[in-house]
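This is data.pdb. It holds PDB, N, CA and C atoms.
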```
MODEL        1
ATOM      1  N   MET A   1     161.298-163.253-134.406
ATOM      2  CA  MET A   1     161.467-164.049-133.199
ATOM      3  C   MET A   1     160.621-163.428-132.105
ATOM      4  N   ASP A   2     159.702-164.215-131.586
ATOM      5  CA  ASP A   2     158.931-163.828-130.410
ATOM      6  C   ASP A   2     159.530-164.550-129.211
ATOM      7  N   ILE A   3     159.667-163.845-128.100
ATOM      8  CA  ILE A   3     160.251-164.415-126.893
ATOM      9  C   ILE A   3     159.320-164.115-125.727
ATOM     10  N   THR A   4     158.921-165.161-125.021
ATOM     11  CA  THR A   4     158.079-165.010-123.846
ATOM     12  C   THR A   4     158.875-165.473-122.631
ATOM     13  N   THR A   5     158.846-164.692-121.573
ATOM     14  CA  THR A   5     159.525-165.050-120.334
ATOM     15  C   THR A   5     158.506-165.080-119.199
ATOM     16  N   ALA A   6     158.522-166.168-118.447
ATOM     17  CA  ALA A   6     157.653-166.298-117.277
ATOM     18  C   ALA A   6     158.529-166.636-116.076
ATOM     19  N   ILE A   7     158.309-165.930-114.979
ATOM     20  CA  ILE A   7     159.094-166.151-113.766
ATOM     21  C   ILE A   7     158.160-166.621-112.658
ATOM     22  N   HIS A   8     158.548-167.722-112.014
ATOM     23  CA  HIS A   8     157.793-168.295-110.898
ATOM     24  C   HIS A   8     158.787-168.578-109.784
ATOM     25  N   GLY A   9     158.827-167.731-108.790
ATOM     26  CA  GLY A   9     159.775-167.903-107.687
ATOM     27  C   GLY A   9     161.204-167.797-108.190
ATOM     28  N   THR A  10     161.985-168.858-107.975
ATOM     29  CA  THR A  10     163.388-168.842-108.400
ATOM     30  C   THR A  10     163.588-169.490-109.769
ATOM     31  N   SER A  11     162.475-169.809-110.452
ATOM     32  CA  SER A  11     162.548-170.432-111.774
ATOM     33  C   SER A  11     162.026-169.481-112.842
ATOM     34  N   ALA A  12     162.621-169.592-114.026
ATOM     35  CA  ALA A  12     162.167-168.806-115.169
ATOM     36  C   ALA A  12     162.034-169.728-116.365
ATOM     37  N   ARG A  13     161.038-169.469-117.190
ATOM     38  CA  ARG A  13     160.881-170.194-118.448
ATOM     39  C   ARG A  13     160.936-169.179-119.584
ATOM     40  N   ILE A  14     161.864-169.395-120.506
ATOM     41  CA  ILE A  14     161.991-168.541-121.684
ATOM     42  C   ILE A  14     161.548-169.373-122.881
ATOM     43  N   THR A  15     160.568-168.861-123.620
ATOM     44  CA  THR A  15     159.999-169.587-124.751
ATOM     45  C   THR A  15     160.206-168.776-126.027
ATOM     46  N   PRO A  16     161.211-169.156-126.828
ATOM     47  CA  PRO A  16     161.375-168.492-128.124
ATOM     48  C   PRO A  16     160.456-169.144-129.153
ATOM     49  N   CYS A  17     159.991-168.363-130.086
ATOM     50  CA  CYS A  17     159.163-168.882-131.172
ATOM     51  C   CYS A  17     159.795-168.417-132.486
ATOM     52  N   GLY A  18     160.410-169.362-133.182
ATOM     53  CA  GLY A  18     161.105-169.063-134.427
ATOM     54  C   GLY A  18     162.460-169.744-134.445
ATOM     55  N   ASP A  19     163.129-169.654-135.572
ATOM     56  CA  ASP A  19     164.449-170.257-135.715
ATOM     57  C   ASP A  19     165.480-169.526-134.864
ATOM     58  N   ILE A  20     166.456-170.279-134.359
ATOM     59  CA  ILE A  20     167.551-169.681-133.605
ATOM     60  C   ILE A  20     168.791-169.723-134.479
ATOM     61  N   ASP A  21     169.297-168.531-134.784
ATOM     62  CA  ASP A  21     170.513-168.396-135.584
ATOM     63  C   ASP A  21     171.250-167.155-135.100
ATOM     64  N   SER A  22     172.282-166.739-135.813
ATOM     65  CA  SER A  22     173.080-165.596-135.352
ATOM     66  C   SER A  22     172.264-164.311-135.256
ATOM     67  N   ASP A  23     171.218-164.176-136.064
ATOM     68  CA  ASP A  23     170.387-162.967-136.012
ATOM     69  C   ASP A  23     169.505-162.914-134.766
ATOM     70  N   THR A  24     169.142-164.058-134.230
ATOM     71  CA  THR A  24     168.236-164.080-133.080
ATOM     72  C   THR A  24     168.955-164.334-131.757
ATOM     73  N   LEU A  25     170.245-164.596-131.803
ATOM     74  CA  LEU A  25     170.993-164.884-130.580
ATOM     75  C   LEU A  25     171.016-163.683-129.628
ATOM     76  N   THR A  26     171.203-162.485-130.141
ATOM     77  CA  THR A  26     171.302-161.297-129.287
ATOM     78  C   THR A  26     170.023-161.053-128.475
ATOM     79  N   PRO A  27     168.831-161.056-129.094
ATOM     80  CA  PRO A  27     167.637-160.844-128.258
ATOM     81  C   PRO A  27     167.375-161.986-127.273
ATOM     82  N   LEU A  28     167.767-163.206-127.640
ATOM     83  CA  LEU A  28     167.590-164.328-126.708
ATOM     84  C   LEU A  28     168.523-164.193-125.511
ATOM     85  N   ARG A  29     169.759-163.806-125.767
ATOM     86  CA  ARG A  29     170.689-163.581-124.647
ATOM     87  C   ARG A  29     170.216-162.418-123.783
ATOM     88  N   ALA A  30     169.640-161.403-124.415
ATOM     89  CA  ALA A  30     169.124-160.268-123.657
ATOM     90  C   ALA A  30     167.984-160.711-122.740
ATOM     91  N   ALA A  31     167.142-161.618-123.211
ATOM     92  CA  ALA A  31     166.052-162.132-122.372
ATOM     93  C   ALA A  31     166.622-162.861-121.156
ATOM     94  N   ALA A  32     167.655-163.648-121.356
ATOM     95  CA  ALA A  32     168.281-164.362-120.236
ATOM     96  C   ALA A  32     168.992-163.390-119.303
ATOM     97  N   SER A  33     169.652-162.394-119.853
ATOM     98  CA  SER A  33     170.377-161.422-119.033
ATOM     99  C   SER A  33     169.436-160.553-118.201
ATOM    100  N   ALA A  34     168.208-160.392-118.662
ATOM    101  CA  ALA A  34     167.238-159.545-117.959
ATOM    102  C   ALA A  34     166.565-160.262-116.787
ATOM    103  N   LEU A  35     166.874-161.540-116.592
ATOM    104  CA  LEU A  35     166.257-162.276-115.486
ATOM    105  C   LEU A  35     166.719-161.695-114.150
ATOM    106  N   PRO A  36     165.833-161.676-113.155
ATOM    107  CA  PRO A  36     166.212-161.179-111.830
ATOM    108  C   PRO A  36     167.321-162.034-111.221
ATOM    109  N   ALA A  37     168.082-161.441-110.352
ATOM    110  CA  ALA A  37     169.229-162.119-109.730
ATOM    111  C   ALA A  37     168.817-163.325-108.892
ATOM    112  N   HIS A  38     167.581-163.372-108.402
ATOM    113  CA  HIS A  38     167.154-164.490-107.559
ATOM    114  C   HIS A  38     166.827-165.760-108.353
ATOM    115  N   VAL A  39     166.808-165.687-109.679
ATOM    116  CA  VAL A  39     166.506-166.858-110.504
ATOM    117  C   VAL A  39     167.692-167.821-110.475
ATOM    118  N   THR A  40     167.409-169.078-110.130
ATOM    119  CA  THR A  40     168.463-170.105-110.059
ATOM    120  C   THR A  40     168.265-171.220-111.076
ATOM    121  N   ASP A  41     167.078-171.303-111.667
ATOM    122  CA  ASP A  41     166.778-172.328-112.667
ATOM    123  C   ASP A  41     166.147-171.660-113.890
ATOM    124  N   VAL A  42     166.700-171.970-115.072
ATOM    125  CA  VAL A  42     166.158-171.419-116.313
ATOM    126  C   VAL A  42     165.772-172.571-117.228
ATOM    127  N   GLN A  43     164.532-172.550-117.662
ATOM    128  CA  GLN A  43     164.047-173.539-118.616
ATOM    129  C   GLN A  43     163.865-172.852-119.961
ATOM    130  N   TRP A  44     164.530-173.396-120.969
ATOM    131  CA  TRP A  44     164.322-172.948-122.348
ATOM    132  C   TRP A  44     163.282-173.883-122.954
ATOM    133  N   ASP A  45     162.106-173.361-123.239
ATOM    134  CA  ASP A  45     161.028-174.148-123.834
ATOM    135  C   ASP A  45     161.112-173.958-125.352
ATOM    136  N   MET A  46     161.599-174.989-126.041
ATOM    137  CA  MET A  46     161.917-174.877-127.467
ATOM    138  C   MET A  46     160.846-175.452-128.389
ATOM    139  N   ARG A  47     159.624-175.637-127.885
ATOM    140  CA  ARG A  47     158.590-176.244-128.737
ATOM    141  C   ARG A  47     158.270-175.406-129.968
ATOM    142  N   GLY A  48     158.541-174.119-129.931
ATOM    143  CA  GLY A  48     158.278-173.243-131.076
ATOM    144  C   GLY A  48     159.518-172.969-131.907
ATOM    145  N   THR A  49     160.558-173.781-131.731
ATOM    146  CA  THR A  49     161.829-173.578-132.440
ATOM    147  C   THR A  49     162.108-174.785-133.331
ATOM    148  N   PRO A  50     161.735-174.697-134.620
ATOM    149  CA  PRO A  50     161.941-175.843-135.507
ATOM    150  C   PRO A  50     163.388-176.000-135.981
ATOM    151  N   PHE A  51     164.177-174.911-135.941
ATOM    152  CA  PHE A  51     165.556-174.961-136.436
ATOM    153  C   PHE A  51     166.467-174.197-135.487
ATOM    154  N   MET A  52     167.649-174.751-135.268
ATOM    155  CA  MET A  52     168.661-174.094-134.452
ATOM    156  C   MET A  52     170.019-174.402-135.063
ATOM    157  N   ASP A  53     170.826-173.361-135.285
ATOM    158  CA  ASP A  53     172.192-173.605-135.740
ATOM    159  C   ASP A  53     173.134-173.515-134.541
ATOM    160  N   VAL A  54     174.416-173.455-134.800
ATOM    161  CA  VAL A  54     175.403-173.449-133.716
ATOM    162  C   VAL A  54     175.202-172.269-132.763
ATOM    163  N   SER A  55     174.562-171.220-133.208
ATOM    164  CA  SER A  55     174.260-170.091-132.322
ATOM    165  C   SER A  55     173.411-170.540-131.131
ATOM    166  N   GLY A  56     172.497-171.461-131.375
ATOM    167  CA  GLY A  56     171.672-171.984-130.298
ATOM    168  C   GLY A  56     172.488-172.731-129.267
ATOM    169  N   LEU A  57     173.551-173.403-129.725
ATOM    170  CA  LEU A  57     174.426-174.086-128.772
ATOM    171  C   LEU A  57     175.106-173.072-127.858
ATOM    172  N   HIS A  58     175.516-171.942-128.407
ATOM    173  CA  HIS A  58     176.123-170.890-127.583
ATOM    174  C   HIS A  58     175.119-170.357-126.566
ATOM    175  N   LEU A  59     173.881-170.257-126.970
ATOM    176  CA  LEU A  59     172.826-169.799-126.066
ATOM    177  C   LEU A  59     172.641-170.775-124.906
ATOM    178  N   LEU A  60     172.741-172.067-125.199
ATOM    179  CA  LEU A  60     172.475-173.093-124.195
ATOM    180  C   LEU A  60     173.690-173.503-123.386
ATOM    181  N   LEU A  61     174.828-172.862-123.648
ATOM    182  CA  LEU A  61     176.004-173.176-122.841
ATOM    183  C   LEU A  61     175.667-172.982-121.372
ATOM    184  N   PRO A  62     176.051-173.916-120.544
ATOM    185  CA  PRO A  62     175.830-173.701-119.116
ATOM    186  C   PRO A  62     176.478-172.387-118.678
ATOM    187  N   PRO A  63     175.829-171.625-117.805
ATOM    188  CA  PRO A  63     176.331-170.300-117.432
ATOM    189  C   PRO A  63     177.777-170.297-116.969
ATOM    190  N   GLN A  64     178.221-171.359-116.307
ATOM    191  CA  GLN A  64     179.594-171.405-115.830
ATOM    192  C   GLN A  64     180.581-171.353-116.990
ATOM    193  N   ALA A  65     180.131-171.730-118.185
ATOM    194  CA  ALA A  65     181.014-171.760-119.350
ATOM    195  C   ALA A  65     181.081-170.402-120.044
ATOM    196  N   ARG A  66     180.211-169.461-119.653
ATOM    197  CA  ARG A  66     180.201-168.133-120.266
ATOM    198  C   ARG A  66     180.715-167.112-119.265
ATOM    199  N   GLU A  67     181.746-166.425-119.617
ATOM    200  CA  GLU A  67     182.348-165.437-118.720
ATOM    201  C   GLU A  67     181.346-164.352-118.358
ATOM    202  N   GLY A  68     181.239-164.088-117.067
ATOM    203  CA  GLY A  68     180.386-163.003-116.589
ATOM    204  C   GLY A  68     178.907-163.344-116.493
ATOM    205  N   ALA A  69     178.521-164.566-116.852
ATOM    206  CA  ALA A  69     177.111-164.934-116.799
ATOM    207  C   ALA A  69     176.732-165.349-115.379
ATOM    208  N   PRO A  70     175.504-165.052-114.960
ATOM    209  CA  PRO A  70     175.077-165.530-113.641
ATOM    210  C   PRO A  70     174.991-167.053-113.676
ATOM    211  N   GLU A  71     175.165-167.675-112.524
ATOM    212  CA  GLU A  71     175.123-169.130-112.480
ATOM    213  C   GLU A  71     173.709-169.602-112.179
ATOM    214  N   TYR A  72     173.166-170.412-113.053
ATOM    215  CA  TYR A  72     171.887-171.052-112.840
ATOM    216  C   TYR A  72     171.866-172.361-113.606
ATOM    217  N   ARG A  73     170.940-173.220-113.211
ATOM    218  CA  ARG A  73     170.785-174.522-113.873
ATOM    219  C   ARG A  73     169.921-174.324-115.106
ATOM    220  N   ILE A  74     170.324-174.934-116.231
ATOM    221  CA  ILE A  74     169.582-174.820-117.474
ATOM    222  C   ILE A  74     168.891-176.137-117.776
ATOM    223  N   THR A  75     167.612-176.033-118.128
ATOM    224  CA  THR A  75     166.839-177.166-118.621
ATOM    225  C   THR A  75     166.289-176.768-119.979
ATOM    226  N   VAL A  76     166.336-177.704-120.932
ATOM    227  CA  VAL A  76     165.798-177.453-122.267
ATOM    228  C   VAL A  76     164.672-178.448-122.501
ATOM    229  N   THR A  77     163.491-177.948-122.828
ATOM    230  CA  THR A  77     162.339-178.818-123.062
ATOM    231  C   THR A  77     161.740-178.548-124.436
ATOM    232  N   GLY A  78     160.933-179.491-124.895
ATOM    233  CA  GLY A  78     160.195-179.306-126.137
ATOM    234  C   GLY A  78     161.047-179.273-127.385
ATOM    235  N   LEU A  79     162.194-179.917-127.350
ATOM    236  CA  LEU A  79     163.089-179.871-128.508
ATOM    237  C   LEU A  79     162.472-180.554-129.728
ATOM    238  N   GLN A  80     162.453-179.835-130.828
ATOM    239  CA  GLN A  80     162.018-180.387-132.105
ATOM    240  C   GLN A  80     163.137-181.279-132.652
ATOM    241  N   PRO A  81     162.870-182.101-133.673
ATOM    242  CA  PRO A  81     163.869-183.059-134.151
ATOM    243  C   PRO A  81     165.227-182.461-134.539
ATOM    244  N   GLN A  82     165.254-181.388-135.289
ATOM    245  CA  GLN A  82     166.551-180.842-135.731
ATOM    246  C   GLN A  82     167.355-180.254-134.571
ATOM    247  N   PRO A  83     166.781-179.401-133.710
ATOM    248  CA  PRO A  83     167.562-178.908-132.569
ATOM    249  C   PRO A  83     168.002-180.032-131.627
ATOM    250  N   LEU A  84     167.167-181.055-131.464
ATOM    251  CA  LEU A  84     167.537-182.181-130.614
ATOM    252  C   LEU A  84     168.746-182.912-131.187
ATOM    253  N   ARG A  85     168.746-183.159-132.506
ATOM    254  CA  ARG A  85     169.901-183.818-133.131
ATOM    255  C   ARG A  85     171.166-183.000-132.940
ATOM    256  N   LEU A  86     171.072-181.690-133.105
ATOM    257  CA  LEU A  86     172.241-180.818-132.942
ATOM    258  C   LEU A  86     172.754-180.871-131.501
ATOM    259  N   LEU A  87     171.858-180.812-130.544
ATOM    260  CA  LEU A  87     172.263-180.845-129.136
ATOM    261  C   LEU A  87     172.869-182.198-128.765
ATOM    262  N   LEU A  88     172.309-183.288-129.278
ATOM    263  CA  LEU A  88     172.868-184.615-129.005
ATOM    264  C   LEU A  88     174.254-184.763-129.625
ATOM    265  N   LEU A  89     174.435-184.227-130.816
ATOM    266  CA  LEU A  89     175.752-184.247-131.454
ATOM    267  C   LEU A  89     176.755-183.452-130.619
ATOM    268  N   ALA A  90     176.348-182.283-130.145
ATOM    269  CA  ALA A  90     177.230-181.471-129.306
ATOM    270  C   ALA A  90     177.570-182.207-128.007
ATOM    271  N   ALA A  91     176.596-182.912-127.428
ATOM    272  CA  ALA A  91     176.847-183.663-126.198
ATOM    273  C   ALA A  91     177.818-184.813-126.449
ATOM    274  N   ASP A  92     177.725-185.452-127.623
ATOM    275  CA  ASP A  92     178.678-186.519-127.968
ATOM    276  C   ASP A  92     180.090-185.966-128.113
ATOM    277  N   MET A  93     180.195-184.777-128.706
ATOM    278  CA  MET A  93     181.510-184.185-128.963
ATOM    279  C   MET A  93     182.096-183.517-127.728
ATOM    280  N   SER A  94     181.248-182.993-126.853
ATOM    281  CA  SER A  94     181.721-182.273-125.676
ATOM    282  C   SER A  94     180.817-182.566-124.484
ATOM    283  N   PRO A  95     180.885-183.804-123.954
ATOM    284  CA  PRO A  95     179.982-184.160-122.856
ATOM    285  C   PRO A  95     180.187-183.330-121.596
ATOM    286  N   GLY A  96     181.385-182.811-121.382
ATOM    287  CA  GLY A  96     181.626-181.980-120.215
ATOM    288  C   GLY A  96     180.914-180.639-120.286
ATOM    289  N   THR A  97     180.558-180.208-121.491
ATOM    290  CA  THR A  97     179.870-178.934-121.682
ATOM    291  C   THR A  97     178.373-179.119-121.893
ATOM    292  N   PHE A  98     177.999-180.077-122.756
ATOM    293  CA  PHE A  98     176.595-180.253-123.118
ATOM    294  C   PHE A  98     175.999-181.572-122.638
ATOM    295  N   GLY A  99     176.760-182.350-121.871
ATOM    296  CA  GLY A  99     176.280-183.648-121.412
ATOM    297  C   GLY A  99     175.162-183.521-120.401
ATOM    298  N   PRO A 100     174.523-184.647-120.065
ATOM    299  CA  PRO A 100     173.349-184.625-119.173
ATOM    300  C   PRO A 100     173.644-184.124-117.762
ATOM    301  N   ASP A 101     174.901-184.183-117.328
ATOM    302  CA  ASP A 101     175.215-183.658-116.009
ATOM    303  C   ASP A 101     175.310-182.132-116.009
ATOM    304  N   ARG A 102     175.379-181.520-117.181
ATOM    305  CA  ARG A 102     175.474-180.060-117.290
ATOM    306  C   ARG A 102     174.211-179.425-117.840
ATOM    307  N   LEU A 103     173.438-180.201-118.633
ATOM    308  CA  LEU A 103     172.295-179.642-119.326
ATOM    309  C   LEU A 103     171.230-180.724-119.431
ATOM    310  N   THR A 104     170.040-180.456-118.943
ATOM    311  CA  THR A 104     168.959-181.414-119.019
ATOM    312  C   THR A 104     168.096-181.072-120.225
ATOM    313  N   ALA A 105     167.914-182.025-121.134
ATOM    314  CA  ALA A 105     167.155-181.768-122.356
ATOM    315  C   ALA A 105     166.091-182.836-122.544
ATOM    316  N   THR A 106     164.886-182.411-122.957
ATOM    317  CA  THR A 106     163.827-183.355-123.272
ATOM    318  C   THR A 106     163.231-182.987-124.618
ATOM    319  N   PRO A 107     162.923-184.009-125.449
ATOM    320  CA  PRO A 107     162.334-183.737-126.744
ATOM    321  C   PRO A 107     160.882-183.289-126.625
ATOM    322  N   ALA A 108     160.358-182.761-127.715
ATOM    323  CA  ALA A 108     158.961-182.363-127.765
ATOM    324  C   ALA A 108     158.083-183.574-127.502
ATOM    325  N   GLY A 109     157.003-183.377-126.793
ATOM    326  CA  GLY A 109     156.071-184.452-126.500
ATOM    327  C   GLY A 109     156.456-185.283-125.288
ATOM    328  N   SER A 110     157.575-184.953-124.643
ATOM    329  CA  SER A 110     157.985-185.704-123.445
ATOM    330  C   SER A 110     157.438-185.070-122.200
TER     331      SER A 110
ENDMDL
END
```
Take the structure in the file and give it back as structure tokens.
Amino acid sequence: MDITTAIHGTSARITPCGDIDSDTLTPLRAAASALPAHVTDVQWDMRGTPFMDVSGLHLLLPPQAREGAPEYRITVTGLQPQPLRLLLLAADMSPGTFGPDRLTATPAGS
């Protein structure tokens, strides 16, 4: 798993390259935890992530849903077909957690 982080003012973009599963969740969370306190918007650029299991859903939980996490707005871009299907299924099952009012997601090529 390669992880690139770019910070521009109060926004950060984290770009993982590789599958997201339980083995890669820890370094991805570490990348998010290492963001400066002034960051208020985090974009997960998933164009290099062809597969994501339920671990990826835990990663994308809005910060308010994770105890002790800093509060920032999450945007997910570049979703490949399989991660997009998983996220849409999660939004159908739990719209208060993964719905469009809590998490903004766009598929690859959008």
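Picture a line from atom N of Thr10 in chain A to atom C of Leu35 in chain A; it runs 10.6 Å.
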Item checked: Spatial sel., origin (172.3, -169.9, -138.8), limit 5 Å, all atoms listed in the file, listed as an NGL selection string -> :A and (21-22 or 53)
Checklist line | Nearest residue to Ile74 in chain A from the set A:Met93, A:Trp44, A:Phe51, A:Ala108 (distances using all atoms listed in the file) | finding: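 Once distances to Ile74 in chain A are computed over all atoms listed in the file, the minimum belongs to A:Trp44.
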Notebook entry, point to check: Which of chain A counts as strand (DSSP E or B) under DSSP, as JSON, numbers by chain please?
Noted result: {"A": [2, 3, 4, 5, 6, 7, 8, 11, 12, 13, 14, 15, 16, 17, 20, 41, 42, 43, 44, 45, 48, 52, 73, 74, 75, 76, 77, 78, 79, 104, 105, 106, 107]}
Item checked: Expansion of the PyMOL selection byres (((chain A and resi 86 and name CA) around 10) and name CA) into residues, as number ranges by chain -> A: 51-54, 56-57, 81-85, 87-92
Next item on the list: Go ahead and compute the interatomic distance for atom C of Ala6 in chain A and CA of Ser94 in chain A, in Å to one decimal.
Entry: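 A separation of 29.6 Å between them.
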Notebook entry, point to check: For this file, the PyMOL selection byres ((chain A and resi 43) around 5) selects which residues, as a list of chain:residue names?
Noted result: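 After applying the PyMOL selection byres ((chain A and resi 43) around 5), what remains is A:Ala12, A:Arg13, A:Ile14, A:Asp41, A:Val42, A:Trp44, A:Asp45, A:Thr75.
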